[in-house]
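Worksheet: one structure, shown below.
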Amino acid sequence: MAKILVVAESRGDVLDRATLSAITMARQASTLLGGSFDILVIGGPGSASAADGLTCYGAEHVLLAEAPDLSVYLAEKFVGTVSRAARDYVLVVATVTDFGKDLLPRVAGCLDAAYAADCSAVISHNGELSFRRAVYAGNVLGIVTLGTPVRVATARQCEFEAAAPTEGEKSPICTLPTAGPVRAAAFIEVLAMENPGDVPHLPAKIRAAQCSAASHANSAHTQRVAKQRRGQLGEAKTIVSGGRALKEKFFEVLGPLANELDAAIGATRIACNAGYAPAELQVGQSGRIVAPRLYFAVGISGAIQHLAGMKGSKFIVAINKDPQAPIFEFADYGLVADLFKAVPEIVEHIRTHRASGAEIPLDPEDCKKRCRSWSSSFGSSLKRDMHGA
Ligand SMILES: Cc1cc2nc3c(=O)[nH]c(=O)nc-3n(C[C@H](O)[C@H](O)[C@H](O)COP(=O)(O)OP(=O)(O)OC[C@H]3O[C@@H](n4cnc5c(N)ncnc54)[C@H](O)[C@@H]3O)c2cc1C
């Protein structure tokens with residue numbers, strides 16, 4: 001019987017809700033394959049309680065791999081245990097979060113398994129279990145069939161609804177032994193050679209690097225991921241995203257707006273690369289794919305790679321000083337204004353509105369009206385209303 005493994009994401013005893021999307025994917029795949037699924041919880045002390053919270057989702061077993069040195073996520077420490085647990089499954093899934101994106105390709109590598117990232121659906125294609133996923137920056141939907149005995153896939157949180165608990169018996173919890181850390185990739189070992197210049201086929205840049213620097217960067221990255229993975233972007237109903245125009249004032253300007261709207265903060269790749277925002281906040285083709293109800297694009301040009309990550313948002317508001325910015329082609333509302341003036345005014349507007357005792361319902365229709373009034377109060381021009389309202 002075909003068996004599927006869901007790799008759950010948790011911090012101590014707290015389960016990350018993103019896991020519920022991977023469970024939905026596993027349920028759909030197990031229906032197509034006529035099999036069942038297990039859920040693996042891996043982490044430090046307290047994980048047993050997270051595992052307990054997953055016993056009511058219809059899994060055949062909940063597997064628990066718990067050890068003190070797994071309390072902080074580090075890919076190198078997790079990958080051995082997950083790969084060993086996963087080798088007898090036909091499909092291994094997790095949700096597209098920093099955790100899933102970081103861990104599952106490594107698991108696929110360890111198992112020599114084919115990997116489909118960012119899937120939006122599980123389907124049967126020519127009688128084979130296949131995955132639908134966006135390619136070419138989200139402009140084309142591709143169907144991918146994986147031809148290895150173990151397959152690995154990640155589920156987009158915005159495409160797979162959170163699984164609901166099932167009636168009936170609870171899944172039994174089985175304890176798994178943990179495996180030791182898996183060392184970094186082979187090329188890092190090559191760099192460890194005393195004289196890397198002796199390896200002529202390596203690009204000069206790589207040859208010049210030092211092993212210690214490479215492995216340090218690797219663990220620094222994963223530790224940063226560990227610290228900052230919050231799952232907020234994937235779950236947020238409202239996202240306030242900023243581009244490089246915000247510079248060092250990224251959080252100073254966007255923070256108050258995000259607070260007022262109870263929103264998560266996102267960023268463009270350039271803003272992340274420039275160090276204005278952490279990489280975990282990147283939205284887009286090579287970052288997070290999000291589909292909130294309301295997406296504020298502040299000082300974002302609207303490059304195709306950014307759009308690929310947010311164009312599924314129900315309602316897009318763009319603020320940009322350039323009336324020709326491509327983002328306006330996709331925005332439901334666009335404000336042509338200097339963001340450093342407009343954003344604080346919007347925040348002030350919301351605060352005044354709240355102080356008067358009025359609620360700020362974050363409904364797209366309400367937002368339409370609100371944008372109109374903001375626009376007139378700034379004297380800025382309202383660029384475009386694609387809904388014609
Ligand atoms: C393979 C690949 C993958 C990529 N993946 C991603 C990805 O995942 N996510 C992503 O975002 N990008 C990605 N990119 C980069 C992408 O092509 C763009 O370069 C990037 O999205 C642009 O970021 P930006 O809008 O912050 O900057 P810019 O394009 O420089 O735009 C800045 C905008 O701010 C406006 N502005 C400036 N000052 C103000 C002001 N005071 N008030 C209001 N507006 C102002 C400008 O008019 C401009 O429109 C990728 C690129 C490649 C090649």
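Chain lettering (A, B, ...) mirrors the order of the structure tokens, residue numbering begins at 1 for each chain separately, and ligand numbering begins at 1 in order of display.
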Near range 101-107 of chain A, within 8 Å and counting only C-alpha atoms, which residues show up once chain neighbours fewer than 6 positions away are dropped, as a PyMOL selection string?
chain A and resi 75+78-80+82-83+93-95+115+117+152-154+222
Please save C-alpha atoms of the selected residues as a PDB file, in the first residue's frame.
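The resulting file, result_18.pdb, is reproduced below:
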ATOM      1  CA  ALA A  75      18.965  21.518   8.421  1.00  0.00           C
ATOM      2  CA  PHE A  78      17.257  17.385  10.999  1.00  0.00           C
ATOM      3  CA  VAL A  79      17.981  15.955   7.575  1.00  0.00           C
ATOM      4  CA  GLY A  80      19.496  12.641   8.728  1.00  0.00           C
ATOM      5  CA  VAL A  82      13.950  12.795   8.302  1.00  0.00           C
ATOM      6  CA  SER A  83      15.716  11.033   5.412  1.00  0.00           C
ATOM      7  CA  VAL A  93       5.552  16.288   1.824  1.00  0.00           C
ATOM      8  CA  ALA A  94       5.845  19.497   3.820  1.00  0.00           C
ATOM      9  CA  THR A  95       4.433  22.964   3.434  1.00  0.00           C
ATOM     10  CA  TYR A 115      11.491  16.887  -6.032  1.00  0.00           C
ATOM     11  CA  ALA A 117       8.557  22.460  -5.113  1.00  0.00           C
ATOM     12  CA  VAL A 152       9.381  14.710  -2.416  1.00  0.00           C
ATOM     13  CA  ALA A 153       7.042  17.682  -2.776  1.00  0.00           C
ATOM     14  CA  THR A 154       6.121  20.891  -0.990  1.00  0.00           C
ATOM     15  CA  THR A 222      19.957  28.024   8.798  1.00  0.00           C
TER      16      THR A 222
END
Within 8 Å of ligand 1, counting only C-alpha atoms and all ligand atoms, which protein or nucleic acid residues do you find, written as an MDAnalysis selection string?
chainID A and resid 242:246 267:271 282:288 298:309 319:323 325:327 336:340
Could you write out that same residue set with C-alpha atoms as an mmCIF file, in the first residue's frame?
data_model
loop_
_atom_site.group_PDB
_atom_site.id
_atom_site.type_symbol
_atom_site.label_atom_id
_atom_site.label_comp_id
_atom_site.auth_asym_id
_atom_site.auth_seq_id
_atom_site.Cartn_x
_atom_site.Cartn_y
_atom_site.Cartn_z
ATOM 1 C CA GLY A 242 8.035 47.046 0.733
ATOM 2 C CA GLY A 243 10.638 47.525 -1.952
ATOM 3 C CA ARG A 244 14.131 48.924 -2.011
ATOM 4 C CA ALA A 245 12.788 52.465 -2.119
ATOM 5 C CA LEU A 246 12.286 52.219 1.658
ATOM 6 C CA ALA A 267 9.669 42.522 0.962
ATOM 7 C CA THR A 268 11.049 42.394 -2.537
ATOM 8 C CA ARG A 269 14.182 40.454 -3.276
ATOM 9 C CA ILE A 270 16.163 43.612 -3.867
ATOM 10 C CA ALA A 271 15.105 45.009 -0.500
ATOM 11 C CA GLN A 282 10.972 37.869 0.528
ATOM 12 C CA VAL A 283 7.837 37.500 -1.539
ATOM 13 C CA GLY A 284 8.091 36.291 -5.107
ATOM 14 C CA GLN A 285 9.265 33.642 -7.474
ATOM 15 C CA SER A 286 12.310 32.810 -5.389
ATOM 16 C CA GLY A 287 10.691 33.774 -2.077
ATOM 17 C CA ARG A 288 7.305 33.113 -0.521
ATOM 18 C CA VAL A 298 4.802 49.992 -1.069
ATOM 19 C CA GLY A 299 7.563 51.351 -3.293
ATOM 20 C CA ILE A 300 7.561 48.154 -5.339
ATOM 21 C CA SER A 301 7.988 48.388 -9.102
ATOM 22 C CA GLY A 302 6.050 45.211 -9.902
ATOM 23 C CA ALA A 303 8.715 43.049 -11.542
ATOM 24 C CA ILE A 304 7.390 39.782 -12.933
ATOM 25 C CA GLN A 305 9.317 37.797 -10.324
ATOM 26 C CA HIS A 306 7.680 39.723 -7.495
ATOM 27 C CA LEU A 307 4.237 39.455 -9.081
ATOM 28 C CA ALA A 308 4.704 35.677 -9.301
ATOM 29 C CA GLY A 309 4.601 35.586 -5.521
ATOM 30 C CA ILE A 319 1.831 53.050 -3.569
ATOM 31 C CA ASN A 320 4.487 54.283 -5.956
ATOM 32 C CA LYS A 321 5.720 57.689 -7.004
ATOM 33 C CA ASP A 322 6.106 56.599 -10.629
ATOM 34 C CA PRO A 323 2.737 56.565 -12.419
ATOM 35 C CA ALA A 325 5.291 51.572 -12.517
ATOM 36 C CA PRO A 326 4.165 48.122 -13.765
ATOM 37 C CA ILE A 327 2.619 47.301 -10.381
ATOM 38 C CA VAL A 336 0.772 57.798 -7.024
ATOM 39 C CA ALA A 337 2.590 59.338 -4.121
ATOM 40 C CA ASP A 338 5.844 59.557 -2.223
ATOM 41 C CA LEU A 339 5.636 56.631 0.155
ATOM 42 C CA PHE A 340 7.489 58.473 2.910
#
Skip Arg151 in chain A itself and residues of its chain fewer than 4 positions away, then list as a PDB file with C-alpha atoms, in the first residue's frame all residues within 7 Å of it, counting only C-alpha atoms.
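Full text of selection-v4.pdb as output:
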ATOM      1  CA  VAL A  90       6.397   6.855  -1.898  1.00  0.00           C
ATOM      2  CA  LEU A  91       5.862  10.533  -1.181  1.00  0.00           C
ATOM      3  CA  VAL A  92       7.267  12.930   1.423  1.00  0.00           C
ATOM      4  CA  ALA A 113      14.461  11.417  -4.917  1.00  0.00           C
ATOM      5  CA  ALA A 114      12.834  13.672  -7.510  1.00  0.00           C
ATOM      6  CA  TYR A 115      11.491  16.887  -6.032  1.00  0.00           C
ATOM      7  CA  LEU A 146       8.200  12.367 -10.537  1.00  0.00           C
TER       8      LEU A 146
END
Would you please give, as a VMD selection string, all residues of range 75-175 of chain A that DSSP assigns to strand (DSSP E) based on the backbone?
chain A and resid 91 to 95 114 to 125 128 to 135 140 to 145 151 to 155 173 to 175
For Ala258 in chain A, which of A:Asn139, A:Asn273, A:Ser120, A:Ser241 is the closest residue, counting only C-alpha atoms?
A:Ser241
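Nearest residue to Tyr73 in chain A, choosing from A:Glu9, A:Asp88, A:Asp38, A:Glu235 and counting only C-alpha atoms: A:Glu9.
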For Thr97 in chain A: contacts at 12 Å, only C-alpha atoms, fewer than 6 positions along chain excluded, given as a PyMOL selection string:
chain A and resi 7-10+16-19+21-22+103-104+117-118+154-158+225-226+228-235+280-283+287-290
Between CA of Pro344 in chain A and CA of Val240 in chain A, measure the distance and give it in Å to one decimal.
13.4 Å
